[in-house]
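A.B. asks: My questions all concern the structure below.
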Amino acid sequence: MHSDQPRMIDLPKIPDDRGNLSFFQNNSHVPFGIKRVYWIYDVPGGEMRGGHAYKTLKEMIIALSGSFDVVLFDGREEKRFTLNRSYVGLYVPGMIWRHLENFSTNSVALIAADQLYDEAEYLRDPELFNSLRLA
Ligand code: TYD
């Protein structure tokens, strides 16, 4: 069964006249322990990132600046999440095909993951993904 579902997670927001502050911590605001953080930026207009799944890796995606869409496919259904708030994260478990598109100018995507970088975690062949998903 694939009971761990993608979902939007509201993060703490500490409003302040000096500027707002948000944060997330291991195992509380994100449902996993963080091992790696990376970010995607300077995306040229019309470009797409991702276009793969992870076997078991869990991640949280946040639009730190600007906006973009995360399109998720669980083998049956496609769902589009528009991220445009720096205090909202999208949690994505393993075995979900995902790509990011519609990046606004100067947008920054922050991604926290529960694993170190390992190419062996990637599923880059959609047919293999679909066959594993249906298995
Ligand atoms: P990739 O995950 O394929 O990018 P996308 O966000 O479009 O899915 O990664 C692109 C390249 O960057 C690839 O050669 C692997 C490298 N990379 C790392 O070395 N470390 C990392 O943490 C990540 C995410 C990618």
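Residue numbering restarts at 1 for every chain of the structure tokens, chains are lettered A, B, ... in their displayed order, and ligands are numbered from 1 as they appear.
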If we count only C-alpha atoms and set the cut-off at 10 Å, which residues sit around Leu83 of chain A, ignoring sequence neighbours fewer than 4 positions away in its own chain? Please answer as a list of chain:residue names.
C.D. replies: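 Those residues are A:Met8, A:Ile61, A:Ile62, A:Ala63, A:Leu64, A:Ser65, A:Gly66, A:Ser67, A:Phe68, A:Asp69, A:Val70, A:Tyr87, A:Val88, A:Gly89, A:Leu90, A:Phe103, A:Ala109.
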A.B. asks: For the residues in that selection, give me all heavy atoms as a compact mmCIF listing (two decimals), in the first residue's frame.
C.D. replies:
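So out13.txt came out as:
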```
# COMPACT_ATOMS: atom_id res chain seq x y z
N MET A 8 0.15 19.52 1.60
CA MET A 8 0.67 20.84 1.94
C MET A 8 0.80 20.91 3.46
O MET A 8 -0.10 20.45 4.18
CB MET A 8 -0.28 21.92 1.46
CG MET A 8 -0.52 21.93 -0.03
SD MET A 8 0.85 22.68 -0.92
CE MET A 8 0.08 24.18 -1.44
N ILE A 61 9.11 20.58 -0.27
CA ILE A 61 9.44 21.59 -1.27
C ILE A 61 8.78 22.89 -0.86
O ILE A 61 7.58 22.92 -0.55
CB ILE A 61 8.93 21.16 -2.67
CG1 ILE A 61 9.46 19.76 -3.03
CG2 ILE A 61 9.31 22.19 -3.73
CD1 ILE A 61 8.88 19.19 -4.32
N ILE A 62 9.55 23.98 -0.86
CA ILE A 62 9.03 25.28 -0.44
C ILE A 62 9.42 26.33 -1.47
O ILE A 62 10.57 26.35 -1.93
CB ILE A 62 9.60 25.68 0.93
CG1 ILE A 62 9.20 24.65 1.99
CG2 ILE A 62 9.13 27.07 1.36
CD1 ILE A 62 9.96 24.79 3.27
N ALA A 63 8.47 27.19 -1.83
CA ALA A 63 8.80 28.35 -2.68
C ALA A 63 9.30 29.45 -1.76
O ALA A 63 8.51 30.21 -1.19
CB ALA A 63 7.56 28.79 -3.45
N LEU A 64 10.61 29.52 -1.57
CA LEU A 64 11.17 30.54 -0.68
C LEU A 64 10.92 31.92 -1.24
O LEU A 64 10.76 32.89 -0.51
CB LEU A 64 12.68 30.34 -0.54
CG LEU A 64 13.17 29.42 0.55
CD1 LEU A 64 14.65 29.67 0.79
CD2 LEU A 64 12.39 29.57 1.84
N SER A 65 10.90 32.00 -2.57
CA SER A 65 10.65 33.27 -3.24
C SER A 65 9.92 32.99 -4.55
O SER A 65 10.15 31.95 -5.17
CB SER A 65 12.00 33.95 -3.51
OG SER A 65 11.79 35.18 -4.16
N GLY A 66 9.02 33.87 -4.94
CA GLY A 66 8.30 33.70 -6.20
C GLY A 66 7.34 32.53 -6.15
O GLY A 66 6.85 32.14 -5.09
N SER A 67 7.08 31.95 -7.30
CA SER A 67 6.11 30.86 -7.37
C SER A 67 6.50 29.86 -8.46
O SER A 67 7.25 30.18 -9.39
CB SER A 67 4.71 31.42 -7.66
OG SER A 67 4.67 31.96 -8.96
N PHE A 68 5.97 28.65 -8.31
CA PHE A 68 6.11 27.61 -9.33
C PHE A 68 5.07 26.53 -9.02
O PHE A 68 4.46 26.53 -7.94
CB PHE A 68 7.54 27.02 -9.36
CG PHE A 68 8.04 26.57 -8.03
CD1 PHE A 68 7.74 25.31 -7.53
CD2 PHE A 68 8.81 27.42 -7.24
CE1 PHE A 68 8.19 24.89 -6.28
CE2 PHE A 68 9.27 27.02 -5.98
CZ PHE A 68 8.96 25.75 -5.51
N ASP A 69 4.88 25.65 -9.96
CA ASP A 69 3.94 24.53 -9.78
C ASP A 69 4.72 23.24 -9.60
O ASP A 69 5.72 23.01 -10.29
CB ASP A 69 3.03 24.36 -11.01
CG ASP A 69 2.06 25.51 -11.17
OD1 ASP A 69 1.89 26.30 -10.23
OD2 ASP A 69 1.49 25.63 -12.27
N VAL A 70 4.24 22.39 -8.69
CA VAL A 70 4.77 21.04 -8.56
C VAL A 70 3.67 20.10 -9.04
O VAL A 70 2.56 20.12 -8.50
CB VAL A 70 5.14 20.70 -7.10
CG1 VAL A 70 5.79 19.32 -7.02
CG2 VAL A 70 6.06 21.77 -6.51
N TYR A 87 5.87 30.20 3.68
CA TYR A 87 5.55 29.53 4.95
C TYR A 87 4.66 28.31 4.72
O TYR A 87 4.00 27.83 5.65
CB TYR A 87 4.88 30.51 5.93
CG TYR A 87 3.70 31.24 5.36
CD1 TYR A 87 2.43 30.70 5.41
CD2 TYR A 87 3.86 32.48 4.74
CE1 TYR A 87 1.35 31.36 4.87
CE2 TYR A 87 2.79 33.16 4.19
CZ TYR A 87 1.54 32.59 4.26
OH TYR A 87 0.47 33.24 3.70
N VAL A 88 4.64 27.81 3.48
CA VAL A 88 3.89 26.58 3.17
C VAL A 88 4.80 25.63 2.41
O VAL A 88 5.45 26.02 1.44
CB VAL A 88 2.64 26.90 2.31
CG1 VAL A 88 1.92 25.60 1.93
CG2 VAL A 88 1.69 27.83 3.04
N GLY A 89 4.87 24.38 2.90
CA GLY A 89 5.69 23.38 2.23
C GLY A 89 4.82 22.30 1.61
O GLY A 89 3.69 22.07 2.06
N LEU A 90 5.35 21.65 0.59
CA LEU A 90 4.66 20.50 0.00
C LEU A 90 5.48 19.26 0.35
O LEU A 90 6.65 19.14 -0.05
CB LEU A 90 4.55 20.64 -1.52
CG LEU A 90 3.95 19.44 -2.25
CD1 LEU A 90 2.51 19.18 -1.82
CD2 LEU A 90 4.03 19.64 -3.76
N PHE A 103 7.95 28.38 -13.34
CA PHE A 103 8.74 29.18 -12.40
C PHE A 103 8.59 30.66 -12.73
O PHE A 103 8.76 31.06 -13.89
CB PHE A 103 10.22 28.81 -12.51
CG PHE A 103 10.57 27.48 -11.90
CD1 PHE A 103 10.50 26.32 -12.66
CD2 PHE A 103 10.98 27.40 -10.59
CE1 PHE A 103 10.83 25.09 -12.10
CE2 PHE A 103 11.32 26.17 -10.02
CZ PHE A 103 11.24 25.03 -10.78
N ALA A 109 13.28 27.56 -5.29
CA ALA A 109 12.67 26.36 -4.72
C ALA A 109 13.66 25.75 -3.73
O ALA A 109 14.79 25.40 -4.10
CB ALA A 109 12.35 25.35 -5.82
```
A.B. asks: Mind the document's chain letters and residue numbers, and return as a ChimeraX atom specification the residues of segment 11-124 of chain A that DSSP labels strand (DSSP E).
C.D. replies: /A:13-14,21-22,36-40,49-54,59-65,68-73,78-83,88-92,97-101,108-113,122-123
A.B. asks: Residues within 8 Å of ligand 1, counting only C-alpha atoms and all ligand atoms: report them as a PyMOL selection string.
C.D. replies: chain A and resi 36-40+48-52+99+116-119
A.B. asks: Got time to write the residues from that selection, all heavy atoms, as a short mmCIF file (atom, residue, chain, number, x, y, z; two decimals), in the first residue's frame?
C.D. replies:
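Wrote selection.cif, looks like this:
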```cif
data_model
loop_
_atom_site.label_atom_id
_atom_site.label_comp_id
_atom_site.auth_asym_id
_atom_site.auth_seq_id
_atom_site.Cartn_x
_atom_site.Cartn_y
_atom_site.Cartn_z
N ARG A 36 19.55 16.50 3.97
CA ARG A 36 20.13 17.29 2.86
C ARG A 36 19.15 18.39 2.49
O ARG A 36 17.93 18.19 2.52
CB ARG A 36 20.36 16.38 1.66
CG ARG A 36 20.87 17.06 0.41
CD ARG A 36 21.37 16.02 -0.59
NE ARG A 36 20.35 15.03 -0.86
CZ ARG A 36 19.62 14.97 -1.98
NH1 ARG A 36 19.84 15.84 -2.95
NH2 ARG A 36 18.70 14.06 -2.14
N VAL A 37 19.70 19.54 2.13
CA VAL A 37 18.90 20.66 1.64
C VAL A 37 19.54 21.16 0.36
O VAL A 37 20.77 21.30 0.29
CB VAL A 37 18.84 21.81 2.68
CG1 VAL A 37 18.09 23.00 2.11
CG2 VAL A 37 18.20 21.33 3.98
N TYR A 38 18.75 21.36 -0.68
CA TYR A 38 19.28 22.00 -1.89
C TYR A 38 18.24 22.98 -2.42
O TYR A 38 17.10 22.99 -1.95
CB TYR A 38 19.68 20.97 -2.94
CG TYR A 38 18.58 20.13 -3.53
CD1 TYR A 38 17.98 20.50 -4.73
CD2 TYR A 38 18.13 18.98 -2.89
CE1 TYR A 38 16.97 19.72 -5.29
CE2 TYR A 38 17.11 18.21 -3.44
CZ TYR A 38 16.54 18.58 -4.64
OH TYR A 38 15.54 17.83 -5.18
N TRP A 39 18.66 23.80 -3.36
CA TRP A 39 17.72 24.78 -3.88
C TRP A 39 17.93 24.96 -5.37
O TRP A 39 19.02 24.73 -5.90
CB TRP A 39 17.80 26.11 -3.12
CG TRP A 39 19.16 26.68 -2.91
CD1 TRP A 39 19.75 27.70 -3.60
CD2 TRP A 39 20.11 26.30 -1.90
NE1 TRP A 39 21.00 27.96 -3.10
CE2 TRP A 39 21.24 27.12 -2.06
CE3 TRP A 39 20.11 25.34 -0.88
CZ2 TRP A 39 22.37 27.01 -1.24
CZ3 TRP A 39 21.24 25.23 -0.07
CH2 TRP A 39 22.34 26.06 -0.25
N ILE A 40 16.86 25.34 -6.04
CA ILE A 40 16.84 25.52 -7.49
C ILE A 40 16.50 26.98 -7.75
O ILE A 40 15.53 27.50 -7.19
CB ILE A 40 15.80 24.57 -8.13
CG1 ILE A 40 16.23 23.12 -7.93
CG2 ILE A 40 15.62 24.89 -9.61
CD1 ILE A 40 15.17 22.10 -8.32
N MET A 48 11.63 23.41 -17.05
CA MET A 48 11.03 22.45 -16.13
C MET A 48 12.16 21.75 -15.38
O MET A 48 13.21 21.51 -15.97
CB MET A 48 10.28 21.44 -16.99
CG MET A 48 9.42 20.49 -16.28
SD MET A 48 8.72 19.35 -17.50
CE MET A 48 9.63 17.90 -17.09
N ARG A 49 11.96 21.46 -14.10
CA ARG A 49 12.94 20.68 -13.33
C ARG A 49 12.27 19.40 -12.84
O ARG A 49 11.05 19.29 -12.83
CB ARG A 49 13.46 21.48 -12.12
CG ARG A 49 14.24 22.72 -12.43
CD ARG A 49 15.51 22.48 -13.17
NE ARG A 49 16.36 21.45 -12.60
CZ ARG A 49 17.67 21.57 -12.40
NH1 ARG A 49 18.28 22.70 -12.69
NH2 ARG A 49 18.36 20.56 -11.93
N GLY A 50 13.09 18.50 -12.35
CA GLY A 50 12.54 17.23 -11.89
C GLY A 50 12.26 16.33 -13.09
O GLY A 50 13.07 16.23 -14.00
N GLY A 51 11.09 15.71 -13.07
CA GLY A 51 10.78 14.75 -14.14
C GLY A 51 11.34 13.39 -13.78
O GLY A 51 12.03 12.73 -14.56
N HIS A 52 11.07 12.97 -12.54
CA HIS A 52 11.52 11.68 -12.04
C HIS A 52 10.79 11.39 -10.73
O HIS A 52 10.07 12.25 -10.21
CB HIS A 52 13.04 11.67 -11.81
CG HIS A 52 13.53 12.76 -10.92
ND1 HIS A 52 13.30 12.78 -9.57
CD2 HIS A 52 14.20 13.91 -11.20
CE1 HIS A 52 13.84 13.87 -9.05
NE2 HIS A 52 14.38 14.59 -10.03
N HIS A 99 7.42 16.73 -11.23
CA HIS A 99 8.21 17.75 -11.90
C HIS A 99 7.76 19.14 -11.46
O HIS A 99 6.65 19.30 -10.93
CB HIS A 99 8.20 17.58 -13.43
CG HIS A 99 6.93 17.99 -14.10
ND1 HIS A 99 5.93 17.11 -14.42
CD2 HIS A 99 6.49 19.20 -14.54
CE1 HIS A 99 4.94 17.75 -15.03
NE2 HIS A 99 5.25 19.03 -15.10
N LEU A 116 20.79 11.54 1.84
CA LEU A 116 21.88 12.17 1.09
C LEU A 116 21.67 11.91 -0.40
O LEU A 116 20.89 11.02 -0.78
CB LEU A 116 23.23 11.59 1.52
CG LEU A 116 23.57 11.74 3.01
CD1 LEU A 116 24.95 11.13 3.29
CD2 LEU A 116 23.54 13.21 3.43
N TYR A 117 22.35 12.67 -1.24
CA TYR A 117 22.21 12.48 -2.68
C TYR A 117 22.72 11.09 -3.08
O TYR A 117 23.83 10.69 -2.72
CB TYR A 117 23.00 13.54 -3.45
CG TYR A 117 23.02 13.26 -4.92
CD1 TYR A 117 21.88 13.48 -5.68
CD2 TYR A 117 24.14 12.72 -5.54
CE1 TYR A 117 21.86 13.18 -7.03
CE2 TYR A 117 24.13 12.42 -6.89
CZ TYR A 117 22.99 12.65 -7.63
OH TYR A 117 22.97 12.35 -8.95
N ASP A 118 21.89 10.36 -3.81
CA ASP A 118 22.27 9.03 -4.28
C ASP A 118 21.49 8.75 -5.57
O ASP A 118 20.26 8.59 -5.54
CB ASP A 118 21.90 7.98 -3.21
CG ASP A 118 22.25 6.56 -3.65
OD1 ASP A 118 22.83 6.40 -4.75
OD2 ASP A 118 21.92 5.63 -2.90
N GLU A 119 22.21 8.70 -6.67
CA GLU A 119 21.54 8.50 -7.97
C GLU A 119 20.72 7.21 -7.98
O GLU A 119 19.73 7.11 -8.70
CB GLU A 119 22.60 8.52 -9.09
CG GLU A 119 22.05 8.41 -10.50
CD GLU A 119 21.08 9.54 -10.93
OE1 GLU A 119 21.26 10.68 -10.46
OE2 GLU A 119 20.15 9.25 -11.71
#
```
A.B. asks: Taking only C-alpha atoms into account, which of A:Ser22, A:Asp74, A:Arg133, A:Ser104 comes nearest Gly46 of chain A?
C.D. replies: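 Of all the options, A:Ser104 lies closest to Gly46 of chain A.
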A.B. asks: I'd like to know which of A:Arg18, A:Arg98, A:Arg80, A:Lys35 is closest to Asp114 of chain A, using only C-alpha atoms.
C.D. replies: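 Closest to Asp114 of chain A of all the choices is A:Lys35.
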A.B. asks: Considering only alpha helix (DSSP H) as DSSP defines it on the backbone, what residues of chain A qualify? List them as a list in words.
C.D. replies: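 DSSP-assigned alpha helix (DSSP H) residues in chain A: Pro126, Glu127, Leu128, Phe129, Asn130, Ser131, Leu132, Arg133 and Leu134 of chain A.
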A.B. asks: Have a look at A:Leu72, A:Asn102, A:Ser131, A:Lys58 and name the one nearest to Gln115 of chain A; count only C-alpha atoms.
C.D. replies: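 Using only C-alpha atoms, Gln115 of chain A sits closest to A:Lys58.
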A.B. asks: List the neighbours of Gly33 of chain A out to 9 Å using only C-alpha atoms; skip same-chain residues closer than 4 positions along the sequence, and give me the result as a list in words.
C.D. replies: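 In the requested format, the answer is Gln25, Asn26, Asn27, Ser28, Ala113, Asp114 and Gln115 of chain A.
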A.B. asks: Mind giving me the straight-line distance from atom CA of Val30 of chain A to atom CA of Tyr91 of chain A in Å, one decimal?
C.D. replies: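 Computing it gives 7.6 Å between the two atoms.
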A.B. asks: Let me make sure I understand: among A:Asp4, A:Asn84, A:Val43, A:Gly75, which one has the smallest atom-to-atom distance to Ala135 of chain A if we use only C-alpha atoms?
C.D. replies: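 Looking only at the distances to Ala135 of chain A, the closest residue turns out to be A:Gly75.
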A.B. asks: May I have the residues within 12 Å of Arg76 of chain A as a count of residues only, using only C-alpha atoms and disregarding those fewer than 5 positions away in the same chain?
C.D. replies: 8
A.B. asks: When you draw a straight line from atom CA of Val108 of chain A to atom CA of Asp42 of chain A, how long is it in Å?
C.D. replies: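 Between these atoms lies a distance of 7.7 Å.
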A.B. asks: Pick out the closest residue to Tyr54 of chain A from this set: A:Asp125, A:Glu78, A:Asp16, A:Asp10. Count only C-alpha atoms.
C.D. replies: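 Among the listed residues, A:Asp125 lies closest to Tyr54 of chain A.
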A.B. asks: Please, what distance in Å, to one decimal, runs between atom CA of Leu100 of chain A and atom CA of Pro44 of chain A?
C.D. replies: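 Atom CA of Leu100 of chain A sits 12.6 Å away from atom CA of Pro44 of chain A.
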A.B. asks: Compare A:Tyr122, A:Glu101, A:His29, A:Leu11 by their minimum atom-to-atom distance to Thr82 of chain A, counting only C-alpha atoms, and give me the closest one.
C.D. replies: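 The answer is A:Glu101, which sits nearest to Thr82 of chain A.
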A.B. asks: Near Ala120 of chain A, counting only C-alpha atoms, which residues have an atom at most 12 Å away, once you skip same-chain residues fewer than 6 positions from it, shown as a list in words?
C.D. replies: Ala53, Tyr54, Lys55, Thr56 and Leu57 of chain A
